[in-house]
$ cat target_26.pdb   # PDB, C-alpha atoms
ATOM      1  CA  MET A 232     100.349 -25.773 -17.236  1.00  0.00           C
ATOM      2  CA  VAL A 233     102.552 -27.837 -19.545  1.00  0.00           C
ATOM      3  CA  ILE A 234     100.843 -30.850 -21.130  1.00  0.00           C
ATOM      4  CA  THR A 235     102.949 -33.754 -22.376  1.00  0.00           C
ATOM      5  CA  PRO A 236     101.998 -36.680 -24.576  1.00  0.00           C
ATOM      6  CA  ARG A 237      99.508 -39.100 -23.059  1.00  0.00           C
ATOM      7  CA  ARG A 238     102.089 -41.870 -22.940  1.00  0.00           C
ATOM      8  CA  THR A 239     104.125 -40.299 -20.173  1.00  0.00           C
ATOM      9  CA  VAL A 240     105.269 -42.150 -17.055  1.00  0.00           C
ATOM     10  CA  LEU A 241     106.635 -40.576 -13.882  1.00  0.00           C
ATOM     11  CA  VAL A 242     109.102 -42.856 -12.068  1.00  0.00           C
ATOM     12  CA  ILE A 243     109.576 -41.939  -8.394  1.00  0.00           C
ATOM     13  CA  ASP A 244     112.451 -43.837  -6.809  1.00  0.00           C
ATOM     14  CA  ASP A 245     115.525 -42.777  -4.852  1.00  0.00           C
ATOM     15  CA  ASP A 246     117.645 -45.441  -6.581  1.00  0.00           C
ATOM     16  CA  PRO A 247     119.003 -44.051  -9.873  1.00  0.00           C
ATOM     17  CA  THR A 248     119.748 -47.570 -11.168  1.00  0.00           C
ATOM     18  CA  ILE A 249     116.093 -48.565 -10.866  1.00  0.00           C
ATOM     19  CA  ARG A 250     114.915 -45.290 -12.413  1.00  0.00           C
ATOM     20  CA  ASP A 251     117.295 -45.706 -15.351  1.00  0.00           C
ATOM     21  CA  LEU A 252     116.339 -49.370 -15.869  1.00  0.00           C
ATOM     22  CA  ILE A 253     112.640 -48.512 -15.963  1.00  0.00           C
ATOM     23  CA  GLU A 254     113.299 -45.524 -18.223  1.00  0.00           C
ATOM     24  CA  ALA A 255     115.204 -47.703 -20.712  1.00  0.00           C
ATOM     25  CA  LEU A 256     112.375 -50.268 -20.775  1.00  0.00           C
ATOM     26  CA  LEU A 257     109.595 -47.711 -21.190  1.00  0.00           C
ATOM     27  CA  THR A 258     111.460 -45.514 -23.680  1.00  0.00           C
ATOM     28  CA  ASP A 259     111.891 -48.570 -25.918  1.00  0.00           C
ATOM     29  CA  GLU A 260     108.101 -48.964 -25.735  1.00  0.00           C
ATOM     30  CA  GLY A 261     107.473 -45.377 -26.838  1.00  0.00           C
ATOM     31  CA  TYR A 262     106.877 -43.729 -23.473  1.00  0.00           C
ATOM     32  CA  LEU A 263     108.258 -40.400 -22.373  1.00  0.00           C
ATOM     33  CA  VAL A 264     109.741 -41.029 -18.908  1.00  0.00           C
ATOM     34  CA  LEU A 265     110.081 -38.418 -16.191  1.00  0.00           C
ATOM     35  CA  GLN A 266     112.222 -39.182 -13.150  1.00  0.00           C
ATOM     36  CA  ALA A 267     111.969 -37.970  -9.568  1.00  0.00           C
ATOM     37  CA  GLU A 268     114.184 -39.053  -6.701  1.00  0.00           C
ATOM     38  CA  HIS A 269     112.177 -37.568  -3.825  1.00  0.00           C
ATOM     39  CA  GLY A 270     108.646 -36.631  -2.848  1.00  0.00           C
ATOM     40  CA  GLN A 271     108.421 -32.881  -3.331  1.00  0.00           C
ATOM     41  CA  GLN A 272     109.996 -33.124  -6.778  1.00  0.00           C
ATOM     42  CA  ALA A 273     107.604 -35.969  -7.646  1.00  0.00           C
ATOM     43  CA  VAL A 274     104.455 -34.140  -6.591  1.00  0.00           C
ATOM     44  CA  LEU A 275     105.465 -31.016  -8.525  1.00  0.00           C
ATOM     45  CA  LEU A 276     106.244 -33.037 -11.670  1.00  0.00           C
ATOM     46  CA  ALA A 277     102.946 -34.901 -11.415  1.00  0.00           C
ATOM     47  CA  ARG A 278     100.980 -31.663 -11.103  1.00  0.00           C
ATOM     48  CA  GLU A 279     102.834 -29.915 -13.926  1.00  0.00           C
ATOM     49  CA  ARG A 280     103.228 -32.747 -16.423  1.00  0.00           C
ATOM     50  CA  GLN A 281     100.103 -34.891 -15.860  1.00  0.00           C
ATOM     51  CA  PRO A 282     101.692 -38.296 -16.604  1.00  0.00           C
ATOM     52  CA  SER A 283      99.597 -41.223 -17.812  1.00  0.00           C
ATOM     53  CA  VAL A 284     100.924 -43.463 -15.029  1.00  0.00           C
ATOM     54  CA  ILE A 285     103.034 -43.004 -11.907  1.00  0.00           C
ATOM     55  CA  LEU A 286     105.461 -45.648 -10.654  1.00  0.00           C
ATOM     56  CA  LEU A 287     106.021 -44.965  -6.953  1.00  0.00           C
ATOM     57  CA  ASP A 288     108.648 -46.516  -4.698  1.00  0.00           C
ATOM     58  CA  GLY A 289     107.144 -47.300  -1.302  1.00  0.00           C
ATOM     59  CA  ILE A 290     110.200 -46.205   0.668  1.00  0.00           C
ATOM     60  CA  LEU A 291     111.695 -42.792  -0.019  1.00  0.00           C
ATOM     61  CA  PRO A 292     113.884 -40.535   2.123  1.00  0.00           C
ATOM     62  CA  GLU A 293     111.996 -37.228   2.130  1.00  0.00           C
ATOM     63  CA  LEU A 294     108.337 -38.243   2.026  1.00  0.00           C
ATOM     64  CA  SER A 295     107.068 -41.798   2.342  1.00  0.00           C
ATOM     65  CA  GLY A 296     105.169 -43.534  -0.427  1.00  0.00           C
ATOM     66  CA  HIS A 297     102.040 -43.187   1.755  1.00  0.00           C
ATOM     67  CA  GLU A 298     102.496 -39.433   2.014  1.00  0.00           C
ATOM     68  CA  ILE A 299     103.102 -38.997  -1.700  1.00  0.00           C
ATOM     69  CA  LEU A 300     100.107 -41.165  -2.546  1.00  0.00           C
ATOM     70  CA  ARG A 301      97.921 -39.157  -0.166  1.00  0.00           C
ATOM     71  CA  MET A 302      99.106 -35.849  -1.706  1.00  0.00           C
ATOM     72  CA  LEU A 303      98.513 -37.078  -5.267  1.00  0.00           C
ATOM     73  CA  ARG A 304      95.030 -38.393  -4.444  1.00  0.00           C
ATOM     74  CA  ALA A 305      94.124 -35.107  -2.736  1.00  0.00           C
ATOM     75  CA  GLY A 306      94.991 -32.954  -5.749  1.00  0.00           C
ATOM     76  CA  ALA A 307      92.368 -32.314  -8.406  1.00  0.00           C
ATOM     77  CA  ALA A 308      95.039 -32.351 -11.117  1.00  0.00           C
ATOM     78  CA  THR A 309      96.542 -35.681 -10.012  1.00  0.00           C
ATOM     79  CA  ARG A 310      93.809 -37.784  -8.398  1.00  0.00           C
ATOM     80  CA  HIS A 311      92.920 -39.464 -11.729  1.00  0.00           C
ATOM     81  CA  ILE A 312      96.484 -40.681 -12.438  1.00  0.00           C
ATOM     82  CA  PRO A 313      96.893 -44.434 -11.883  1.00  0.00           C
ATOM     83  CA  ILE A 314      99.695 -45.379  -9.514  1.00  0.00           C
ATOM     84  CA  VAL A 315     101.798 -48.536  -9.419  1.00  0.00           C
ATOM     85  CA  LEU A 316     103.484 -48.993  -6.059  1.00  0.00           C
ATOM     86  CA  LEU A 317     106.889 -50.664  -6.231  1.00  0.00           C
ATOM     87  CA  ARG A 318     107.528 -52.114  -2.806  1.00  0.00           C
ATOM     88  CA  SER A 319     110.236 -54.030  -1.028  1.00  0.00           C
ATOM     89  CA  LEU A 320     108.288 -54.171   2.239  1.00  0.00           C
ATOM     90  CA  PRO A 321     104.622 -55.010   2.861  1.00  0.00           C
ATOM     91  CA  TRP A 322     102.288 -52.078   2.226  1.00  0.00           C
ATOM     92  CA  SER A 323     100.185 -51.314   5.282  1.00  0.00           C
ATOM     93  CA  ASN A 324      96.919 -49.764   4.253  1.00  0.00           C
ATOM     94  CA  THR A 325      96.307 -47.335   7.107  1.00  0.00           C
ATOM     95  CA  ASP A 326      93.856 -45.176   5.202  1.00  0.00           C
ATOM     96  CA  ASP A 327      91.658 -45.321   2.130  1.00  0.00           C
ATOM     97  CA  GLN A 328      94.413 -44.092  -0.198  1.00  0.00           C
ATOM     98  CA  VAL A 329      95.555 -47.166  -2.101  1.00  0.00           C
ATOM     99  CA  PRO A 330      97.492 -47.555  -5.347  1.00  0.00           C
ATOM    100  CA  GLU A 331      95.874 -49.305  -8.299  1.00  0.00           C
ATOM    101  CA  VAL A 332      98.585 -51.985  -8.318  1.00  0.00           C
ATOM    102  CA  CYS A 333     101.337 -53.120  -5.937  1.00  0.00           C
ATOM    103  CA  ILE A 334     104.379 -54.897  -7.366  1.00  0.00           C
ATOM    104  CA  ASN A 335     107.019 -56.464  -5.135  1.00  0.00           C
ATOM    105  CA  LYS A 336     110.702 -55.734  -5.661  1.00  0.00           C
ATOM    106  CA  PRO A 337     112.557 -57.278  -7.321  1.00  0.00           C
ATOM    107  CA  PHE A 338     109.968 -57.119 -10.088  1.00  0.00           C
ATOM    108  CA  ASP A 339     109.584 -58.741 -13.477  1.00  0.00           C
ATOM    109  CA  LEU A 340     110.004 -56.070 -16.176  1.00  0.00           C
ATOM    110  CA  ASN A 341     107.378 -57.733 -18.389  1.00  0.00           C
ATOM    111  CA  VAL A 342     104.818 -57.631 -15.571  1.00  0.00           C
ATOM    112  CA  LEU A 343     105.628 -53.981 -14.910  1.00  0.00           C
ATOM    113  CA  LEU A 344     105.293 -53.133 -18.605  1.00  0.00           C
ATOM    114  CA  ALA A 345     101.944 -54.956 -18.855  1.00  0.00           C
ATOM    115  CA  HIS A 346     100.534 -52.930 -15.936  1.00  0.00           C
ATOM    116  CA  VAL A 347     101.849 -49.643 -17.348  1.00  0.00           C
ATOM    117  CA  ASN A 348     100.401 -50.370 -20.801  1.00  0.00           C
ATOM    118  CA  ARG A 349      97.019 -51.320 -19.351  1.00  0.00           C
ATOM    119  CA  MET A 350      96.792 -48.316 -17.058  1.00  0.00           C
ATOM    120  CA  ALA A 351      98.004 -45.829 -19.668  1.00  0.00           C
ATOM    121  CA  ALA A 352      95.325 -47.077 -22.069  1.00  0.00           C
ATOM    122  CA  VAL A 353      92.603 -46.841 -19.413  1.00  0.00           C
ATOM    123  CA  ASN A 354      93.773 -43.406 -18.271  1.00  0.00           C
ATOM    124  CA  GLU A 355      93.593 -42.063 -21.827  1.00  0.00           C
ATOM    125  CA  THR A 356      89.883 -42.849 -21.883  1.00  0.00           C
ATOM    126  CA  LEU A 357      89.219 -41.453 -18.393  1.00  0.00           C
ATOM    127  CA  VAL A 358      91.172 -38.179 -18.331  1.00  0.00           C
ATOM    128  CA  PRO A 359      88.750 -35.258 -18.087  1.00  0.00           C
ATOM    129  CA  ALA A 360      88.619 -33.174 -21.265  1.00  0.00           C
ATOM    130  CA  SER A 361      89.763 -30.112 -19.317  1.00  0.00           C
ATOM    131  CA  LEU A 362      93.057 -31.890 -18.544  1.00  0.00           C
ATOM    132  CA  ASN A 363      93.819 -32.932 -22.157  1.00  0.00           C
TER     133      ASN A 363
END
$ encode --input "target_26.pdb" --output "structure tokens"
Amino acid sequence: MVITPRRTVLVIDDDPTIRDLIEALLTDEGYLVLQAEHGQQAVLLARERQPSVILLDGILPELSGHEILRMLRAGAATRHIPIVLLRSLPWSNTDDQVPEVCINKPFDLNVLLAHVNRMAAVNETLVPASLN
């Protein structure tokens, strides 16, 4: 398993413009940003790289945001990772798998950054020693 710095964010969105915008913002703040444009790629990256925070688009072509969230919460290696859902449509909570934060699109970059900073700091204190 490859371990990256604690300040790593995985951005899952099928829109490359949004991924690049978020990457530019977070890179300027000292984060390492990983990008995924679809579900299978996202789940694999999350398992392998153990990001501090995941930013998840609610609507994706291959797997839905619900499906990705469910897969991440089911995995021992990924269940502890905080998730920010970026949504353009209302999120229907059909099961007990919910993200830590939901942000509506279009979003304020400062609000997004504040949530990422807060969750990355909390995650650093909660990550099991075996995952560090």
$ closest_residue --input "target_26.pdb" --among "A:Gly289, A:Gly270, A:Pro247, A:Pro282" --to "Ile334 of chain A" --atoms "only C-alpha atoms"
A:Gly289
$ resolve_selection --input "target_26.pdb" --expression "the PyMOL selection byres ((chain A and resi 245) around 12)" --output "MDAnalysis selection string"
chainID A and resid 242:244 246:251 266:270 272:273 286:296 317
$ closest_residue --input "target_26.pdb" --among "A:Arg310, A:Val315, A:Leu263, A:Leu241" --to "Leu343 of chain A" --atoms "only C-alpha atoms"
A:Val315
$ resolve_selection --input "target_26.pdb" --expression "the PyMOL selection byres ((chain A and resi 344-354) around 10)" --output "MDAnalysis selection string"
chainID A and resid 237:240 253 256:257 260 262 282:286 311:315 331:332 334 339:343 355:359
$ write_last_selection --input "target_26.pdb" --atoms "C-alpha atoms" --output "PDB file, keeping the file's coordinate frame"
ATOM      1  CA  ARG A 237      99.508 -39.100 -23.059  1.00  0.00           C
ATOM      2  CA  ARG A 238     102.089 -41.870 -22.940  1.00  0.00           C
ATOM      3  CA  THR A 239     104.125 -40.299 -20.173  1.00  0.00           C
ATOM      4  CA  VAL A 240     105.269 -42.150 -17.055  1.00  0.00           C
ATOM      5  CA  ILE A 253     112.640 -48.512 -15.963  1.00  0.00           C
ATOM      6  CA  LEU A 256     112.375 -50.268 -20.775  1.00  0.00           C
ATOM      7  CA  LEU A 257     109.595 -47.711 -21.190  1.00  0.00           C
ATOM      8  CA  GLU A 260     108.101 -48.964 -25.735  1.00  0.00           C
ATOM      9  CA  TYR A 262     106.877 -43.729 -23.473  1.00  0.00           C
ATOM     10  CA  PRO A 282     101.692 -38.296 -16.604  1.00  0.00           C
ATOM     11  CA  SER A 283      99.597 -41.223 -17.812  1.00  0.00           C
ATOM     12  CA  VAL A 284     100.924 -43.463 -15.029  1.00  0.00           C
ATOM     13  CA  ILE A 285     103.034 -43.004 -11.907  1.00  0.00           C
ATOM     14  CA  LEU A 286     105.461 -45.648 -10.654  1.00  0.00           C
ATOM     15  CA  HIS A 311      92.920 -39.464 -11.729  1.00  0.00           C
ATOM     16  CA  ILE A 312      96.484 -40.681 -12.438  1.00  0.00           C
ATOM     17  CA  PRO A 313      96.893 -44.434 -11.883  1.00  0.00           C
ATOM     18  CA  ILE A 314      99.695 -45.379  -9.514  1.00  0.00           C
ATOM     19  CA  VAL A 315     101.798 -48.536  -9.419  1.00  0.00           C
ATOM     20  CA  GLU A 331      95.874 -49.305  -8.299  1.00  0.00           C
ATOM     21  CA  VAL A 332      98.585 -51.985  -8.318  1.00  0.00           C
ATOM     22  CA  ILE A 334     104.379 -54.897  -7.366  1.00  0.00           C
ATOM     23  CA  ASP A 339     109.584 -58.741 -13.477  1.00  0.00           C
ATOM     24  CA  LEU A 340     110.004 -56.070 -16.176  1.00  0.00           C
ATOM     25  CA  ASN A 341     107.378 -57.733 -18.389  1.00  0.00           C
ATOM     26  CA  VAL A 342     104.818 -57.631 -15.571  1.00  0.00           C
ATOM     27  CA  LEU A 343     105.628 -53.981 -14.910  1.00  0.00           C
ATOM     28  CA  GLU A 355      93.593 -42.063 -21.827  1.00  0.00           C
ATOM     29  CA  THR A 356      89.883 -42.849 -21.883  1.00  0.00           C
ATOM     30  CA  LEU A 357      89.219 -41.453 -18.393  1.00  0.00           C
ATOM     31  CA  VAL A 358      91.172 -38.179 -18.331  1.00  0.00           C
ATOM     32  CA  PRO A 359      88.750 -35.258 -18.087  1.00  0.00           C
TER      33      PRO A 359
END
$ atom_distance --input "target_26.pdb" --atom1 "atom CA of Gly306 of chain A" --atom2 "atom CA of Glu279 of chain A"
11.7 Å
$ atom_distance --input "target_26.pdb" --atom1 "atom CA of His297 of chain A" --atom2 "atom CA of Thr309 of chain A"
15.0 Å
$ atom_distance --input "target_26.pdb" --atom1 "atom CA of Leu300 of chain A" --atom2 "atom CA of Arg318 of chain A"
13.2 Å
